[in-house]
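K.L.:
Got a structure for you, questions after.
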Amino acid sequence: MRKRITHKPTTKAALRMGCGLGVSGICLLTTLSMAHAQTISAEQDSGAETYGLRGTTTAETSETRAQARAAATLYGALPAIPTASDSSDLADVEDEPNATIAAQESVRARESSEITTGSIGLDSDISQADQDFADSLARQNGRVESIDGLEANPATDPDSVPGFTLGTLTLRPTLNQRAVHESIRNVFSTTSRVYSETTVSGTLDSNWSRHQLSINGSGTWQENLSGTGTESPSANIDAALRLDMINDITATLGAGYSYSQESRTDPNAISGADTQSGIHETRASIGLQKSLGILRGTTTLELTRTLYGDATLANGGTVLVDDRDTLGGELTTRVGYAVSPALVPFLEASVGRENYDQKIDSTGSERSSTSYGIRAGAEIDFGEKLNGEIAAGYLRRRLDDASLNDISGLTLDGELNWSPLRGTTINVGLATTVESSTSAGEAGAIVYELDSTLTHEIHSAVVARLGATLEYQDFDAGSNRGNQHSYGASTGLTWSINRYLDLDADASYERTTESGGTDERTTRLSLGLTLRR
């Protein structure tokens, strides 16, 4: 067994051990002091950030201020406005003599981006919880895109055609060419023909800062290709100039001309004529409009000159009908009350005079007359959903010849556009007119017309149409003829190949009946192209 050897510590070794213990104690005390200071600082920061109410804490760091501004901006409660400490950054940079231009621009750009109202701050300024909440408010069921990622074809708008620029005016011409098959059957015979119909139309609009000029015109020519039938050309042009005057007064000047041939079913048509009379009508008007608060006032004076051409008989002879030429004028005044921008009820009164060139016509009657009318209605404007005008009233025409009865009756006038669904539009038009007679002992008739059209956009480039018409002629009680009825139906399809070219297909049916007289049925089928520029 080995013997343990022990040594007693010397004085030098004892001193060396005492110094080591002293240094270790000093290091331990220093470490404990630093740890205690960090613990107190962490507790203060944690209390201000985690448990303190935003805007009420007394000690708020720059980090907590940034998070509060970012969250408030994200929820839309406050705009992202920089604080005073943020605004002082630019002043500090500008005050430094060695500051570069790039540094100043950087600070300006940062402040400009922060001032934007409603903007969302940088992602680093927004907590993850706030970002997740914002993402949850976004739309979840997004629109399903097309398989190939292509955009849908926009709907063709005729107004989008650029046209031709003529100084401050824009001309948009249109050419329509179609082939038509027509079949007419009446009590005595049946005729059919195939003809070519060419229609040239156009609009001319101004691009002025004040005032406005608008001109619309069209002309139609028919040429028989086969069969027998009467060719019926027509033309129409209207011009309107709106002048914006002082004190919210608007003046409107109008002029127009139209040509058409009298229908063979018209009560005044020449019996047995191969070609009926051509009707030339020239119009001129002037109107003033003034708004006084919620009141709307309009006054219009219109002059009309009507000339009738000769009718051609089957044997080549002609029949003069110049005793029907007239000159007429009508003064109309309307006062409206704007209940709202969408509804304006109104009252309207009119007085007119029609003079025949020949005081006594071929039947020995004085057919010059004076007419009076009153109407009550409303203007409606609910945007594209429902808009238009509708009115009802009473009309009376008194003839100079005492042996002829006065023509009087209720009137219905107006036009309404209703869109029950997007892409579907229903148009309904009502009109009441007075037509003088050329037969002996007859004063004339009140003519009621109804025209309705339904259009539906099947595709962005395909539009289907359905139409219906109704006309009723109510003759005066002193005449010896029955009232005349006319009704019709039509359908059509338009394919917009592009914004310059359309393909049209139409079919229509019309029947006109009169007890003891006319009974005619007309059927038309057509196919054509429309070119716009």
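Residues are referred to by chain and number: the chain letter is A, B, ... according to the order shown in the structure tokens, the number counts from 1 in that chain, and ligands are numbered separately from 1 in the order shown.
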From a backbone DSSP assignment, name each residue in region 309-430 of chain A labelled strand (DSSP E or B), as a PyMOL selection string.
P.N.:
chain A and resi 311-313+318-319+326-337+340+343-356+369-381+386-399+407-421+424-430
K.L.:
For Asp310 (chain A), list every protein, DNA or RNA residue within 10 Å, evaluated using only C-alpha atoms, and leave out those in the same chain fewer than 2 positions away; present the list as a PyMOL selection string.
P.N.:
chain A and resi 275-279+308+312-313+317-322
K.L.:
Quick one: of A:Arg397, A:Arg334, A:Arg532, A:Arg324, who's nearest to Lys290 (chain A), counting only C-alpha atoms?
P.N.:
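Smallest separation from Lys290 (chain A) among the options: A:Arg334.
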K.L.:
Please list as a tab-separated table (two decimals) with N, CA, C and O atoms, in the first residue's frame every residue within 12 Å of Leu395 (chain A), counting only C-alpha atoms and excluding residues in the same chain fewer than 6 positions away.
P.N.:
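Wrote it out as out-v6.tsv, contents follow:
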```
chain	number	residue	atom	x	y	z
A	348	GLU	N	-98.80	70.82	-71.19
A	348	GLU	CA	-98.46	71.34	-72.52
A	348	GLU	C	-99.74	71.77	-73.23
A	348	GLU	O	-100.75	71.07	-73.20
A	349	ALA	N	-99.67	72.93	-73.89
A	349	ALA	CA	-100.80	73.44	-74.66
A	349	ALA	C	-100.29	73.84	-76.04
A	349	ALA	O	-99.15	74.30	-76.18
A	350	SER	N	-101.13	73.66	-77.06
A	350	SER	CA	-100.73	73.97	-78.44
A	350	SER	C	-101.91	74.55	-79.20
A	350	SER	O	-103.08	74.24	-78.91
A	351	VAL	N	-101.58	75.38	-80.17
A	351	VAL	CA	-102.58	75.93	-81.07
A	351	VAL	C	-101.95	75.96	-82.46
A	351	VAL	O	-100.77	76.30	-82.60
A	352	GLY	N	-102.70	75.59	-83.48
A	352	GLY	CA	-102.15	75.51	-84.83
A	352	GLY	C	-103.16	75.93	-85.88
A	352	GLY	O	-104.38	75.96	-85.65
A	370	THR	N	-108.34	75.13	-87.91
A	370	THR	CA	-107.63	75.58	-86.71
A	370	THR	C	-107.72	74.47	-85.67
A	370	THR	O	-108.80	73.90	-85.45
A	371	SER	N	-106.59	74.17	-85.03
A	371	SER	CA	-106.55	73.06	-84.08
A	371	SER	C	-106.10	73.56	-82.71
A	371	SER	O	-105.30	74.51	-82.59
A	372	TYR	N	-106.61	72.89	-81.67
A	372	TYR	CA	-106.26	73.18	-80.28
A	372	TYR	C	-105.95	71.86	-79.59
A	372	TYR	O	-106.59	70.84	-79.85
A	373	GLY	N	-104.98	71.90	-78.68
A	373	GLY	CA	-104.64	70.68	-77.97
A	373	GLY	C	-104.08	70.98	-76.59
A	373	GLY	O	-103.50	72.04	-76.35
A	374	ILE	N	-104.26	70.04	-75.69
A	374	ILE	CA	-103.70	70.13	-74.35
A	374	ILE	C	-103.27	68.73	-73.93
A	374	ILE	O	-103.94	67.74	-74.25
A	375	ARG	N	-102.13	68.68	-73.25
A	375	ARG	CA	-101.60	67.39	-72.83
A	375	ARG	C	-101.02	67.51	-71.42
A	375	ARG	O	-100.55	68.58	-71.01
A	406	ASP	N	-116.31	68.72	-86.94
A	406	ASP	CA	-115.00	68.89	-86.31
A	406	ASP	C	-114.41	67.52	-85.99
A	406	ASP	O	-115.12	66.54	-85.78
A	407	ILE	N	-113.09	67.48	-85.95
A	407	ILE	CA	-112.36	66.25	-85.61
A	407	ILE	C	-111.82	66.42	-84.20
A	407	ILE	O	-111.06	67.37	-83.92
A	408	SER	N	-112.19	65.53	-83.30
A	408	SER	CA	-111.75	65.65	-81.91
A	408	SER	C	-111.61	64.27	-81.30
A	408	SER	O	-112.23	63.30	-81.75
A	409	GLY	N	-110.80	64.20	-80.24
A	409	GLY	CA	-110.61	62.93	-79.56
A	409	GLY	C	-109.45	62.98	-78.59
A	409	GLY	O	-108.70	63.97	-78.50
A	410	LEU	N	-109.31	61.91	-77.83
A	410	LEU	CA	-108.21	61.78	-76.89
A	410	LEU	C	-106.91	61.50	-77.63
A	410	LEU	O	-106.91	60.91	-78.71
A	411	THR	N	-105.79	61.91	-77.03
A	411	THR	CA	-104.48	61.70	-77.64
A	411	THR	C	-103.57	60.95	-76.67
A	411	THR	O	-103.65	61.13	-75.44
A	412	LEU	N	-102.72	60.13	-77.22
A	412	LEU	CA	-101.68	59.42	-76.48
A	412	LEU	C	-100.37	59.58	-77.26
A	412	LEU	O	-100.31	59.20	-78.43
A	413	ASP	N	-99.36	60.11	-76.61
A	413	ASP	CA	-98.08	60.33	-77.26
A	413	ASP	C	-96.95	60.00	-76.29
A	413	ASP	O	-97.10	60.13	-75.06
A	432	THR	N	-100.24	60.24	-81.87
A	432	THR	CA	-101.59	60.58	-82.29
A	432	THR	C	-101.52	61.76	-83.24
A	432	THR	O	-100.94	62.79	-82.90
A	433	THR	N	-102.07	61.60	-84.43
A	433	THR	CA	-102.07	62.65	-85.44
A	433	THR	C	-103.46	62.80	-86.03
A	433	THR	O	-104.33	61.93	-85.84
A	434	VAL	N	-103.64	63.89	-86.75
A	434	VAL	CA	-104.91	64.14	-87.45
A	434	VAL	C	-104.63	64.15	-88.94
A	434	VAL	O	-103.71	64.82	-89.41
A	445	ALA	N	-109.76	62.02	-90.05
A	445	ALA	CA	-109.71	60.99	-89.02
A	445	ALA	C	-108.58	61.28	-88.05
A	445	ALA	O	-107.59	61.95	-88.38
A	446	ILE	N	-108.72	60.75	-86.85
A	446	ILE	CA	-107.64	60.74	-85.87
A	446	ILE	C	-106.91	59.41	-86.00
A	446	ILE	O	-107.54	58.34	-85.98
A	447	VAL	N	-105.61	59.46	-86.12
A	447	VAL	CA	-104.81	58.27	-86.35
A	447	VAL	C	-104.00	57.97	-85.09
A	447	VAL	O	-103.23	58.81	-84.61
```
K.L.:
Work out how far apart CA of Gly219 (chain A) and CA of Leu241 (chain A) are and give it in Å to one decimal.
P.N.:
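Rounded to one decimal, the two atoms are 21.8 Å apart.
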K.L.:
Rank A:Thr170, A:Ser508, A:Thr530, A:Gln484 by their smallest atom-to-atom distance to Ser496 (chain A), using only C-alpha atoms, and report the top residue only.
P.N.:
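When distances to Ser496 (chain A) are compared using only C-alpha atoms, the smallest one comes from A:Thr530.
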K.L.:
Taking only residues of region 381-430 of chain A that have an atom at most 12 Å from an atom of region 459-464 of chain A, what is each one's shortest atom pair and its distance in Å to one decimal, using only C-alpha atoms, in chain and number order, as JSON lines?
P.N.:
```
{"residue": "A:Arg422", "atom": "CA", "partner": "A:Ser460", "partner_atom": "CA", "distance": 11.7}
{"residue": "A:Gly423", "atom": "CA", "partner": "A:Val463", "partner_atom": "CA", "distance": 9.0}
{"residue": "A:Thr424", "atom": "CA", "partner": "A:Val463", "partner_atom": "CA", "distance": 9.4}
{"residue": "A:Thr425", "atom": "CA", "partner": "A:Ala464", "partner_atom": "CA", "distance": 10.7}
```
K.L.:
Tell me, as an NGL selection string, which residues lie within 6 Å of Asn236 (chain A), counting only C-alpha atoms; anything in the same chain fewer than 6 positions away does not count.
P.N.:
:A and (217-218 or 257-258)
K.L.:
With all heavy atoms retained, could you export that selection as a PDB file, in the first residue's frame?
P.N.:
```
ATOM      1  N   GLY A 217     -79.424  62.415 -91.961  1.00  0.00           N
ATOM      2  CA  GLY A 217     -80.053  62.267 -93.261  1.00  0.00           C
ATOM      3  C   GLY A 217     -80.025  60.841 -93.751  1.00  0.00           C
ATOM      4  O   GLY A 217     -79.178  60.033 -93.337  1.00  0.00           O
ATOM      5  N   SER A 218     -80.972  60.490 -94.619  1.00  0.00           N
ATOM      6  CA  SER A 218     -81.018  59.154 -95.215  1.00  0.00           C
ATOM      7  C   SER A 218     -81.789  59.227 -96.526  1.00  0.00           C
ATOM      8  O   SER A 218     -82.667  60.082 -96.701  1.00  0.00           O
ATOM      9  CB  SER A 218     -81.675  58.139 -94.268  1.00  0.00           C
ATOM     10  OG  SER A 218     -83.037  58.466 -94.055  1.00  0.00           O
ATOM     11  N   TYR A 257     -86.411  68.197 -94.325  1.00  0.00           N
ATOM     12  CA  TYR A 257     -87.118  67.888 -95.581  1.00  0.00           C
ATOM     13  C   TYR A 257     -87.295  66.384 -95.662  1.00  0.00           C
ATOM     14  O   TYR A 257     -86.416  65.604 -95.250  1.00  0.00           O
ATOM     15  CB  TYR A 257     -86.326  68.386 -96.792  1.00  0.00           C
ATOM     16  CG  TYR A 257     -86.846  67.838 -98.101  1.00  0.00           C
ATOM     17  CD1 TYR A 257     -87.951  68.408 -98.732  1.00  0.00           C
ATOM     18  CD2 TYR A 257     -86.249  66.732 -98.706  1.00  0.00           C
ATOM     19  CE1 TYR A 257     -88.444  67.902 -99.919  1.00  0.00           C
ATOM     20  CE2 TYR A 257     -86.722  66.219 -99.897  1.00  0.00           C
ATOM     21  CZ  TYR A 257     -87.832  66.799-100.513  1.00  0.00           C
ATOM     22  OH  TYR A 257     -88.321  66.291-101.693  1.00  0.00           O
ATOM     23  N   SER A 258     -88.426  65.962 -96.194  1.00  0.00           N
ATOM     24  CA  SER A 258     -88.679  64.536 -96.383  1.00  0.00           C
ATOM     25  C   SER A 258     -89.491  64.324 -97.653  1.00  0.00           C
ATOM     26  O   SER A 258     -90.275  65.192 -98.061  1.00  0.00           O
ATOM     27  CB  SER A 258     -89.418  63.946 -95.175  1.00  0.00           C
ATOM     28  OG  SER A 258     -90.688  64.551 -95.022  1.00  0.00           O
TER      29      SER A 258
END
```
K.L.:
Using only C-alpha atoms, which residue out of A:Arg533, A:Thr494, A:Tyr195, A:Ala468 lies closest to Gly429 (chain A)?
P.N.:
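Closest to Gly429 (chain A) of all the choices is A:Ala468.
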K.L.:
Nearest to Trp495 (chain A): which of A:Glu457, A:Tyr472, A:Thr512, A:Ile246 is it, counting only C-alpha atoms?
P.N.:
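Of the candidates, the smallest distance to Trp495 (chain A) is held by A:Glu457.
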K.L.:
Skipping near chain neighbours, those fewer than 2 positions away, what residues fall within 7 Å of Val428 (chain A) using only C-alpha atoms, listed as a ChimeraX atom specification?
P.N.:
/A:415-417,426,430,451-453
K.L.:
Would you pick out the contacts of Thr250 (chain A) at 9 Å or less, using only C-alpha atoms, so that residues sharing its chain but fewer than 4 positions from it are not included, and give the list as an NGL selection string?
P.N.:
:A and (242-246 or 287-290)
K.L.:
Write a file of the just-selected residues containing N, CA, C and O atoms, as a short mmCIF file (atom, residue, chain, number, x, y, z; two decimals), in the first residue's frame.
P.N.:
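Result file result.cif:
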```cif
data_model
loop_
_atom_site.label_atom_id
_atom_site.label_comp_id
_atom_site.auth_asym_id
_atom_site.auth_seq_id
_atom_site.Cartn_x
_atom_site.Cartn_y
_atom_site.Cartn_z
N ARG A 242 -78.29 73.99 -81.67
CA ARG A 242 -78.57 74.44 -80.30
C ARG A 242 -77.61 75.56 -79.95
O ARG A 242 -76.39 75.43 -80.08
N LEU A 243 -78.17 76.67 -79.47
CA LEU A 243 -77.39 77.84 -79.10
C LEU A 243 -77.49 78.05 -77.60
O LEU A 243 -78.60 78.22 -77.06
N ASP A 244 -76.35 78.03 -76.90
CA ASP A 244 -76.31 78.25 -75.46
C ASP A 244 -76.19 79.75 -75.22
O ASP A 244 -75.11 80.34 -75.36
N MET A 245 -77.30 80.37 -74.83
CA MET A 245 -77.35 81.82 -74.65
C MET A 245 -77.15 82.18 -73.18
O MET A 245 -76.86 81.33 -72.33
N ILE A 246 -77.28 83.46 -72.87
CA ILE A 246 -77.05 83.95 -71.52
C ILE A 246 -78.23 83.60 -70.63
O ILE A 246 -79.32 83.26 -71.08
N GLY A 287 -87.14 77.27 -81.13
CA GLY A 287 -87.60 77.02 -79.78
C GLY A 287 -86.69 77.67 -78.75
O GLY A 287 -85.50 77.88 -78.99
N LEU A 288 -87.26 77.99 -77.59
CA LEU A 288 -86.55 78.57 -76.47
C LEU A 288 -86.83 77.73 -75.23
O LEU A 288 -87.98 77.32 -75.00
N GLN A 289 -85.78 77.51 -74.43
CA GLN A 289 -85.92 76.74 -73.21
C GLN A 289 -85.25 77.49 -72.06
O GLN A 289 -84.13 78.00 -72.21
N LYS A 290 -85.94 77.56 -70.92
CA LYS A 290 -85.45 78.28 -69.76
C LYS A 290 -85.78 77.51 -68.49
O LYS A 290 -86.89 76.98 -68.35
#
```
K.L.:
Between CA of Asp476 (chain A) and CA of Asp401 (chain A), what distance in Å does the model show, to one decimal?
P.N.:
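Calculated distance between CA of Asp476 (chain A) and CA of Asp401 (chain A) is 14.5 Å.
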K.L.:
Which residue out of A:Glu302, A:Glu182, A:Glu389, A:Glu281 has the minimum interatomic distance to Tyr259 (chain A) when only C-alpha atoms are used?
P.N.:
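Residue with the minimum atom-to-atom distance to Tyr259 (chain A): A:Glu281.
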K.L.:
Rank A:Leu531, A:Leu213, A:Glu231, A:Ser526 by their smallest atom-to-atom distance to Ala255 (chain A), using only C-alpha atoms, and report the top residue only.
P.N.:
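Between A:Leu531, A:Leu213, A:Glu231, A:Ser526, the residue approaching Ala255 (chain A) most closely is A:Leu213.
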K.L.:
Counting only C-alpha atoms, what is within 9 Å of Ile294 (chain A), bar same-chain residues fewer than 2 positions away, as a ChimeraX atom specification?
P.N.:
/A:291-292,296,336-340
K.L.:
Mind pulling up the distance from CA of Ile270 (chain A) to CA of Asn315 (chain A)?
P.N.:
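Calculated distance between CA of Asn315 (chain A) and CA of Ile270 (chain A) is 13.9 Å.
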